[in-house]
Every structure is written in structure tokens, then in C-alpha cells.
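Below is target_20.txt, holding compact mmCIF, C-alpha atoms.
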# COMPACT_ATOMS: atom_id res chain seq x y z
CA MET Y 8 -40.04 -10.40 -3.20
CA THR Y 9 -39.92 -10.92 -6.95
CA ILE Y 10 -42.73 -9.49 -9.05
CA GLU Y 11 -43.32 -11.63 -12.14
CA ARG Y 12 -45.47 -9.10 -13.96
CA PHE Y 13 -45.93 -5.43 -13.06
CA PRO Y 14 -48.05 -3.72 -15.71
CA VAL Y 15 -47.52 0.04 -15.48
CA GLU Y 16 -51.08 1.20 -16.00
CA GLU Y 17 -52.36 4.71 -16.76
CA GLY Y 18 -55.05 4.49 -14.09
CA HIS Y 19 -52.55 3.33 -11.47
CA ILE Y 20 -50.26 6.26 -12.33
CA MET Y 21 -53.18 8.73 -12.13
CA LEU Y 22 -54.19 7.44 -8.70
CA PHE Y 23 -50.58 7.45 -7.52
CA ALA Y 24 -50.13 11.08 -8.60
CA ARG Y 25 -53.35 12.02 -6.79
CA ALA Y 26 -52.14 10.32 -3.61
CA ILE Y 27 -48.88 12.29 -3.58
CA GLY Y 28 -50.78 15.50 -4.38
CA ASP Y 29 -49.23 16.00 -7.81
CA THR Y 30 -51.49 17.50 -10.50
CA ASN Y 31 -48.80 17.46 -13.22
CA PRO Y 32 -50.62 16.51 -16.47
CA VAL Y 33 -47.66 14.33 -17.57
CA TYR Y 34 -49.07 11.74 -15.12
CA SER Y 35 -52.59 11.72 -16.61
CA ASN Y 36 -52.83 13.33 -20.04
CA PRO Y 37 -51.04 11.65 -22.98
CA ASP Y 38 -51.67 14.75 -25.11
CA CYS Y 39 -49.94 17.29 -22.85
CA ALA Y 40 -46.69 18.74 -24.18
CA ALA Y 41 -44.42 16.90 -21.76
CA ALA Y 42 -46.08 13.53 -22.43
CA ARG Y 43 -45.81 14.09 -26.17
CA GLU Y 44 -42.10 14.86 -25.80
CA LEU Y 45 -41.45 11.83 -23.58
CA GLY Y 46 -43.50 9.35 -25.57
CA GLY Y 47 -46.57 9.19 -23.35
CA ILE Y 48 -47.72 9.37 -19.76
CA ILE Y 49 -44.76 8.80 -17.45
CA ALA Y 50 -44.66 7.49 -13.89
CA PRO Y 51 -43.72 9.75 -10.93
CA PRO Y 52 -40.24 9.14 -9.43
CA THR Y 53 -41.43 6.92 -6.57
CA PHE Y 54 -44.14 5.08 -8.55
CA VAL Y 55 -42.46 1.66 -8.57
CA ALA Y 56 -43.37 1.44 -4.87
CA GLY Y 57 -46.83 0.59 -6.25
CA GLY Y 58 -45.38 -2.57 -7.78
CA SER Y 59 -46.12 -4.26 -4.46
CA GLN Y 60 -49.75 -4.48 -5.68
CA PHE Y 61 -48.45 -7.19 -8.02
CA ASP Y 62 -46.27 -8.95 -5.44
CA ASP Y 63 -47.88 -12.08 -4.00
CA ASP Y 64 -45.48 -12.12 -1.04
CA VAL Y 65 -46.45 -8.74 0.43
CA ALA Y 66 -47.35 -9.15 4.10
CA VAL Y 67 -48.97 -5.73 4.40
CA ARG Y 68 -51.89 -6.49 2.08
CA PRO Y 69 -54.97 -8.34 3.37
CA LYS Y 70 -55.47 -11.65 1.56
CA ILE Y 71 -58.82 -13.35 1.17
CA GLY Y 72 -59.24 -16.26 3.55
CA GLN Y 73 -56.19 -15.38 5.64
CA PRO Y 74 -56.14 -13.64 9.03
CA TRP Y 75 -55.31 -9.91 8.94
CA PHE Y 76 -53.45 -8.25 11.78
CA GLY Y 77 -55.41 -5.00 11.64
CA SER Y 78 -58.54 -4.40 13.68
CA GLY Y 79 -62.23 -4.87 13.01
CA ARG Y 80 -64.52 -3.73 15.80
CA THR Y 81 -61.68 -4.56 18.17
CA PRO Y 82 -57.97 -5.38 17.70
CA SER Y 83 -57.30 -8.74 16.06
CA GLY Y 84 -54.87 -9.82 18.76
CA PHE Y 85 -51.86 -9.82 16.42
CA ASN Y 86 -49.06 -7.30 16.86
CA ARG Y 87 -46.60 -7.17 13.99
CA GLU Y 88 -44.73 -4.30 15.66
CA ALA Y 89 -42.75 -6.79 17.70
CA ALA Y 90 -40.93 -7.75 14.48
CA GLY Y 91 -40.77 -4.11 13.44
CA LEU Y 92 -38.18 -3.27 10.83
CA LEU Y 93 -38.42 0.41 9.94
CA HIS Y 94 -37.80 1.94 6.54
CA ALA Y 95 -34.56 3.88 7.04
CA GLU Y 96 -33.55 4.88 3.51
CA GLN Y 97 -34.80 4.58 -0.06
CA HIS Y 98 -32.74 5.26 -3.16
CA PHE Y 99 -33.78 5.16 -6.81
CA GLU Y 100 -31.66 5.22 -9.92
CA TYR Y 101 -33.56 6.04 -13.11
CA HIS Y 102 -32.06 4.63 -16.28
CA ARG Y 103 -34.78 6.32 -18.33
CA PRO Y 104 -38.36 7.58 -17.74
CA LEU Y 105 -40.90 4.83 -17.03
CA LEU Y 106 -43.88 4.99 -19.40
CA ALA Y 107 -47.50 3.97 -18.94
CA GLY Y 108 -48.22 0.79 -20.87
CA GLU Y 109 -44.90 -0.88 -20.15
CA VAL Y 110 -44.83 -4.27 -18.45
CA LEU Y 111 -42.06 -4.77 -15.92
CA THR Y 112 -40.62 -7.64 -13.97
CA THR Y 113 -38.31 -7.40 -10.97
CA VAL Y 114 -35.03 -8.93 -9.92
CA PHE Y 115 -34.50 -8.86 -6.16
CA ARG Y 116 -31.32 -9.38 -4.20
CA GLU Y 117 -30.30 -8.99 -0.59
CA GLY Y 118 -27.59 -6.40 -0.08
CA GLU Y 119 -25.24 -5.66 2.77
CA ARG Y 120 -26.00 -5.95 6.46
CA TRP Y 121 -24.34 -3.85 9.14
CA GLU Y 122 -24.75 -2.62 12.69
CA LYS Y 123 -24.36 0.76 14.37
CA THR Y 124 -24.42 1.78 18.00
CA ASN Y 125 -26.65 4.71 18.87
CA ARG Y 126 -26.00 7.41 21.48
CA SER Y 127 -27.63 5.41 24.26
CA GLY Y 128 -25.53 2.32 23.50
CA GLY Y 129 -28.26 0.35 21.70
CA THR Y 130 -27.50 -1.65 18.57
CA LEU Y 131 -29.25 -0.77 15.31
CA LYS Y 132 -29.22 -3.51 12.69
CA PHE Y 133 -29.40 -2.40 9.06
CA GLU Y 134 -30.44 -4.53 6.07
CA GLU Y 135 -30.10 -3.47 2.46
CA SER Y 136 -31.95 -4.89 -0.53
CA VAL Y 137 -31.88 -4.05 -4.21
CA THR Y 138 -34.76 -4.42 -6.67
CA GLU Y 139 -34.23 -3.98 -10.39
CA TYR Y 140 -37.31 -3.05 -12.41
CA ARG Y 141 -36.81 -4.40 -15.92
CA VAL Y 142 -38.97 -4.49 -19.04
CA LYS Y 143 -40.38 -8.01 -19.03
CA ALA Y 144 -40.09 -8.59 -22.77
CA THR Y 145 -36.57 -7.21 -23.31
CA ASN Y 146 -34.95 -7.28 -19.84
CA GLU Y 147 -34.05 -3.58 -20.25
CA LEU Y 148 -33.25 -2.05 -16.86
CA VAL Y 149 -35.49 0.98 -16.16
CA VAL Y 150 -35.27 1.65 -12.41
CA THR Y 151 -32.94 0.33 -9.71
CA ALA Y 152 -34.33 0.66 -6.18
CA ARG Y 153 -32.20 0.24 -3.07
CA MET Y 154 -33.99 -0.02 0.26
CA ILE Y 155 -32.40 0.10 3.70
CA LYS Y 156 -34.38 -1.16 6.65
CA VAL Y 157 -33.37 -0.86 10.28
CA MET Y 158 -34.20 -2.91 13.33
CA PRO Y 159 -34.13 -0.45 16.22
CA PRO Y 160 -32.59 -1.46 19.57
CA LYS Y 161 -34.86 -3.57 21.78
CA LYS Y 162 -36.77 -1.31 24.17
CA GLU Y 163 -35.68 -1.56 27.81
CA SER Y 164 -38.73 -2.57 29.81
CA MET E 12 -39.59 22.85 -18.96
CA ALA E 13 -36.13 21.61 -18.11
CA LEU E 14 -33.34 23.46 -16.40
CA SER E 15 -30.32 24.61 -18.34
CA ALA E 16 -26.71 24.28 -17.15
CA SER E 17 -25.88 27.74 -18.51
CA THR E 18 -28.39 29.56 -16.29
CA LEU E 19 -28.15 27.45 -13.14
CA LYS E 20 -25.65 28.13 -10.33
CA VAL E 21 -24.40 26.08 -7.40
CA GLY E 22 -26.36 27.27 -4.40
CA ASP E 23 -29.56 27.98 -6.34
CA THR E 24 -32.45 26.84 -4.23
CA ARG E 25 -36.18 26.25 -4.40
CA THR E 26 -38.58 25.94 -1.48
CA ASP E 27 -42.19 24.78 -1.89
CA MET E 28 -44.92 24.14 0.63
CA LEU E 29 -45.72 20.52 -0.23
CA VAL E 30 -48.69 19.64 1.93
CA ASP E 31 -50.78 21.72 4.32
CA ASN E 32 -52.48 19.87 7.19
CA LEU E 33 -51.89 16.33 5.89
CA THR E 34 -55.18 14.44 6.04
CA ARG E 35 -55.77 10.88 7.09
CA THR E 36 -57.62 10.49 3.81
CA GLN E 37 -54.49 11.33 1.81
CA ILE E 38 -52.61 8.66 3.78
CA VAL E 39 -55.42 6.20 2.94
CA GLN E 40 -55.17 7.22 -0.74
CA TYR E 41 -51.47 6.40 -0.64
CA ALA E 42 -52.10 3.07 1.10
CA GLY E 43 -54.63 2.17 -1.57
CA VAL E 44 -52.46 2.98 -4.53
CA SER E 45 -49.09 1.81 -3.21
CA GLY E 46 -50.35 -1.51 -1.86
CA ASP E 47 -48.83 -0.84 1.57
CA TYR E 48 -51.92 -1.47 3.72
CA ASN E 49 -49.99 -1.71 6.97
CA PRO E 50 -52.62 -0.80 9.60
CA LEU E 51 -50.13 1.66 11.12
CA HIS E 52 -51.14 4.05 8.35
CA SER E 53 -54.94 3.75 8.45
CA ASP E 54 -56.17 1.76 11.43
CA GLU E 55 -56.31 4.02 14.49
CA VAL E 56 -57.50 1.19 16.78
CA TYR E 57 -54.53 -1.02 15.89
CA THR E 58 -52.01 1.80 15.87
CA THR E 59 -52.94 3.32 19.23
CA GLN E 60 -54.13 0.27 21.20
CA VAL E 61 -51.85 -2.47 19.85
CA ALA E 62 -48.77 -0.81 18.36
CA GLY E 63 -48.67 2.00 20.94
CA TYR E 64 -48.32 5.06 18.73
CA PRO E 65 -50.21 8.32 19.36
CA SER E 66 -52.03 8.01 16.00
CA VAL E 67 -51.72 6.60 12.51
CA PHE E 68 -48.87 8.12 10.54
CA ALA E 69 -47.83 8.57 6.91
CA HIS E 70 -45.87 6.01 4.92
CA GLY E 71 -42.25 7.12 4.55
CA MET E 72 -42.76 6.54 0.84
CA LEU E 73 -45.65 9.02 0.81
CA THR E 74 -43.34 11.67 2.23
CA MET E 75 -40.70 10.71 -0.34
CA GLY E 76 -43.31 10.91 -3.11
CA ILE E 77 -44.47 14.33 -1.95
CA THR E 78 -40.82 15.43 -1.84
CA GLY E 79 -40.30 14.09 -5.36
CA LYS E 80 -42.88 16.59 -6.62
CA LEU E 81 -40.62 19.43 -5.49
CA LEU E 82 -37.81 17.97 -7.61
CA THR E 83 -39.82 17.24 -10.74
CA ASP E 84 -41.56 20.63 -10.57
CA TRP E 85 -38.09 22.20 -10.62
CA VAL E 86 -35.90 19.99 -12.83
CA GLY E 87 -38.62 18.98 -15.28
CA ASP E 88 -40.40 15.78 -16.26
CA GLY E 89 -38.40 12.63 -16.82
CA ARG E 90 -35.15 14.38 -15.91
CA LEU E 91 -34.18 12.68 -12.66
CA THR E 92 -31.43 10.08 -12.86
CA LYS E 93 -31.15 9.55 -9.09
CA PHE E 94 -33.25 10.29 -6.03
CA GLY E 95 -32.55 8.96 -2.56
CA VAL E 96 -33.64 9.87 0.96
CA ARG E 97 -33.17 8.97 4.58
CA PHE E 98 -36.31 8.93 6.71
CA SER E 99 -35.68 10.79 9.95
CA THR E 100 -38.98 11.53 11.69
CA GLN E 101 -42.52 10.26 11.34
CA VAL E 102 -45.09 12.40 9.55
CA TRP E 103 -48.44 12.64 11.34
CA PRO E 104 -51.93 13.66 10.22
CA GLY E 105 -52.13 17.44 10.47
CA ASP E 106 -48.48 17.98 9.60
CA THR E 107 -47.54 20.71 7.15
CA LEU E 108 -44.50 19.85 5.05
CA THR E 109 -42.14 22.21 3.27
CA GLY E 110 -39.39 21.01 0.98
CA THR E 111 -36.17 22.70 -0.11
CA ALA E 112 -33.90 21.60 -2.93
CA THR E 113 -30.47 23.12 -3.49
CA ILE E 114 -28.04 22.77 -6.39
CA ALA E 115 -24.87 21.20 -4.95
CA ALA E 116 -22.94 20.70 -8.19
CA ILE E 117 -23.25 21.20 -11.94
CA ARG E 118 -21.12 18.90 -14.04
CA GLU E 119 -20.65 17.48 -17.51
CA GLU E 120 -20.25 13.78 -18.11
CA GLY E 121 -19.82 12.40 -21.62
CA GLY E 122 -21.32 15.49 -23.22
CA GLN E 123 -24.38 15.51 -20.94
CA TRP E 124 -24.89 18.12 -18.22
CA PHE E 125 -26.13 17.08 -14.79
CA ALA E 126 -27.08 18.86 -11.58
CA ASP E 127 -26.56 17.20 -8.21
CA LEU E 128 -29.04 18.43 -5.64
CA THR E 129 -29.58 18.12 -1.93
CA VAL E 130 -33.18 17.92 -0.78
CA GLU E 131 -34.81 18.17 2.60
CA THR E 132 -38.43 18.24 3.74
CA VAL E 133 -39.30 19.63 7.16
CA ASN E 134 -42.48 19.69 9.21
CA GLN E 135 -44.21 22.70 10.77
CA ASP E 136 -41.72 22.62 13.68
CA GLY E 137 -38.79 22.83 11.28
CA LYS E 138 -37.84 19.24 12.03
CA SER E 139 -36.43 17.24 9.12
CA VAL E 140 -38.70 14.37 8.00
CA VAL E 141 -36.71 13.26 4.98
CA SER E 142 -33.37 14.40 3.61
CA GLY E 143 -31.36 13.20 0.69
CA THR E 144 -29.89 13.83 -2.72
CA ALA E 145 -30.90 13.75 -6.35
CA THR E 146 -29.33 14.07 -9.77
CA ALA E 147 -31.03 15.51 -12.84
CA ARG E 148 -30.14 15.79 -16.51
CA LEU E 149 -29.87 19.40 -17.67
CA ASP E 150 -30.03 21.05 -21.04
CA ALA E 151 -26.72 22.63 -22.04
As C-alpha cells, please, write out the structure in this file.
Amino acid sequence: MTIERFPVEEGHIMLFARAIGDTNPVYSNPDCAAARELGGIIAPPTFVAGGSQFDDDVAVRPKIGQPWFGSGRTPSGFNREAAGLLHAEQHFEYHRPLLAGEVLTTVFREGERWEKTNRSGGTLKFEESVTEYRVKATNELVVTARMIKVMPPKKES
Amino acid sequence: MALSASTLKVGDTRTDMLVDNLTRTQIVQYAGVSGDYNPLHSDEVYTTQVAGYPSVFAHGMLTMGITGKLLTDWVGDGRLTKFGVRFSTQVWPGDTLTGTATIAAIREEGGQWFADLTVETVNQDGKSVVSGTATARLDA
């Protein structure tokens, strides 16, 4: 859950901007007007999601030598859906723009947990977590991310 | 280009077509860069035969990222102070997404002007896929 070292790299930002379909030069060209004004290439608003590349605990990344639940020629036989928490909400607070070249670290904490009943009487279980993205060298807080996951009601068979 | 508090009004709105016919390849691009390689987003065999969905589908965070472009294109680079969404419906390959942002409030806090916005992205059937709020710093 905690990322020791998350280097915010130019190439990573460029690829991230491509993936979200954003051709804004502030995400790729340090000499464009906006980048000059802001002090360099900045990261798009949801970029810190890419920090999971630097998180050793991520379950949704194949790891060498370990079984992967996705399929090869045929399904692997694992079904992670049974445990399926869904991403219900995501909130970011930006304390300042995040610049390419910075090295971050994260501080993770569990937040609140609550339940709601849906229209058909099923119970939805919500879990909140907060991740602070801080400059590793100075501890300066740059982005606060709050994630809410939901466990949907068990399906009636 | 940043927005200015003196020219902006509550109720001002901007609508952009954000993605036309979302491709599986774009979803794979997002998986690759974000580090979320959950097979639900790229592995049709797993997603249809094991997890029981009609096809792979986009990461919620891809839809949020696409929606963020609407905000930054409007409020300017490095201007957002908050951005949050609720994910309401899955986004599938082939979906066309349109986002709308609306100025809900313009306010001054400690000598700095801010705009509070509501934001919603809908699919080609007009169904909301994400909705939320954002706050941006404005010039005076």
C-alpha cells in the first residue's frame, strides 16, 4: 500500500497523457509556454494513479515467478471476481502542480467504513482509504488521494 | 490560459466530446501506463468466461482521466485544487463519451479566487458514467 519511491518521470507522464487522449504539450514539452510558467512538464490530474507501478503490493500486476489470474490460451482457473471490491469514488486534492523529475513517497491510511442498503434490500459495504503523495526528500504534501471502494451485495443464486 | 473570476459566471458551462468509439487498445494503453493490469480491462477470455461480463471494460480511472482533460482544457494547466468523481456505470469498448462542466460557484478565499465546478461524463445513451466536482484557482 505504501510506495517507498515514486519517481515522476517525463516518459511516464507522456505515456499517461497519451492513454487518456490528452495532447496538451504541458505533459510532454518542457519548452511550451505553460511548462515554462509552471516550472516544467507537469503531471495530469489523475497521474498519481500510475504510482502503483512502483508499489510492490499491487495484486493487479503480473509478477515474475508467481501465478497470474488472467488467461493464457485458456482461463487460469482463478477468479478474483469473487472477492470483487469495485471502485466507487475517487477524490484528489492538489496542494500544488506535480512536476516531472520530482520523487515522491506515499503515506497510506485506512479511512472510514460504512454500509448502505440498496433499493432491493441488499447491503453495500463501503471502505475509504487515503494516500498522501509527498516529496520524498522534504515530506512536502503534493497530492492527497481519497479512494472509496464498495463491496456490492452478494448475488442471489 | 487560465480563467478569470471577472469574466466567469455561475452557470457557465462547457461540453466536449471526450472520446469517440473507445478502443480496446486505448484501454490497454491505460493499463500499461497506470499499472492496473486487472484482466477485466484487457483479457477477453478471462472477462467473459470467468468473470461473466459481456466484454472487457475501461478502468474507472481511465474515464476519470479522460474527464480531467475537459477540466484542464477549460480551467488551465496546474489550476485544479480538487477533483473528485463517483463512478456510476461501466464504460465499454465502442462507447462515445461526452463531458460537461458547469460553474457552480465563484468565491474568494484569502485573496485568491476559486471556481467550484460540477462535472459529468455521459455515454452515447446519455447515461452518466462519472459525475463529480472540482475546484480551480482563477485569476482575479
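Rounded to one decimal, atom CA of Y:Gly28 and atom CA of Y:Ile49 lie 15.9 Å from each other.
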At what distance in Å, to one decimal, does atom CA of E:Arg35 lie from atom CA of E:Ser66?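 About the pair atom CA of E:Ser66 and atom CA of E:Arg35: they are 10.1 Å apart.
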Counting all atoms listed in the file, collect the residues of chain Y whose closest atom lies at most 7 Å from chain E, and write them out as JSON, numbers by chain. {"Y": [19, 22, 23, 26, 27, 28, 29, 41, 52, 53, 56, 57, 59, 60, 67, 68, 77, 78, 82, 86, 88, 95, 96, 97, 98, 99, 100, 101, 102, 104]}
Name all residues at most 7 Å from stretch 146-162 of chain Y (count only C-alpha atoms; drop same-chain ones fewer than 4 positions away) and give them as an mmCIF file with C-alpha atoms, in the coordinates of the input.
data_model
loop_
_atom_site.group_PDB
_atom_site.id
_atom_site.type_symbol
_atom_site.label_atom_id
_atom_site.label_comp_id
_atom_site.auth_asym_id
_atom_site.auth_seq_id
_atom_site.Cartn_x
_atom_site.Cartn_y
_atom_site.Cartn_z
ATOM 1 C CA GLY Y 91 -40.770 -4.110 13.440
ATOM 2 C CA LEU Y 92 -38.180 -3.270 10.830
ATOM 3 C CA LEU Y 93 -38.420 0.410 9.940
ATOM 4 C CA HIS Y 94 -37.800 1.940 6.540
ATOM 5 C CA ALA Y 95 -34.560 3.880 7.040
ATOM 6 C CA GLU Y 96 -33.550 4.880 3.510
ATOM 7 C CA GLN Y 97 -34.800 4.580 -0.060
ATOM 8 C CA HIS Y 98 -32.740 5.260 -3.160
ATOM 9 C CA PHE Y 99 -33.780 5.160 -6.810
ATOM 10 C CA GLU Y 100 -31.660 5.220 -9.920
ATOM 11 C CA TYR Y 101 -33.560 6.040 -13.110
ATOM 12 C CA HIS Y 102 -32.060 4.630 -16.280
ATOM 13 C CA ARG Y 103 -34.780 6.320 -18.330
ATOM 14 C CA LEU Y 105 -40.900 4.830 -17.030
ATOM 15 C CA GLY Y 129 -28.260 0.350 21.700
ATOM 16 C CA THR Y 130 -27.500 -1.650 18.570
ATOM 17 C CA LEU Y 131 -29.250 -0.770 15.310
ATOM 18 C CA LYS Y 132 -29.220 -3.510 12.690
ATOM 19 C CA PHE Y 133 -29.400 -2.400 9.060
ATOM 20 C CA GLU Y 134 -30.440 -4.530 6.070
ATOM 21 C CA GLU Y 135 -30.100 -3.470 2.460
ATOM 22 C CA SER Y 136 -31.950 -4.890 -0.530
ATOM 23 C CA VAL Y 137 -31.880 -4.050 -4.210
ATOM 24 C CA THR Y 138 -34.760 -4.420 -6.670
ATOM 25 C CA GLU Y 139 -34.230 -3.980 -10.390
ATOM 26 C CA TYR Y 140 -37.310 -3.050 -12.410
ATOM 27 C CA ARG Y 141 -36.810 -4.400 -15.920
ATOM 28 C CA VAL Y 142 -38.970 -4.490 -19.040
#
Excluding E:Ala115 and any residue of its chain fewer than 6 positions from it, enumerate the residues within 7 Å of it, using only C-alpha atoms, and give them as a PDB file with C-alpha atoms, in the coordinates of the input.
ATOM      1  CA  VAL E  21     -24.400  26.080  -7.400  1.00  0.00           C
ATOM      2  CA  GLY E  22     -26.360  27.270  -4.400  1.00  0.00           C
ATOM      3  CA  ASP E 127     -26.560  17.200  -8.210  1.00  0.00           C
ATOM      4  CA  LEU E 128     -29.040  18.430  -5.640  1.00  0.00           C
ATOM      5  CA  THR E 129     -29.580  18.120  -1.930  1.00  0.00           C
TER       6      THR E 129
END
In Å to one decimal, how far is atom CA of Y:Phe61 from atom CA of E:His52? 20.0 Å
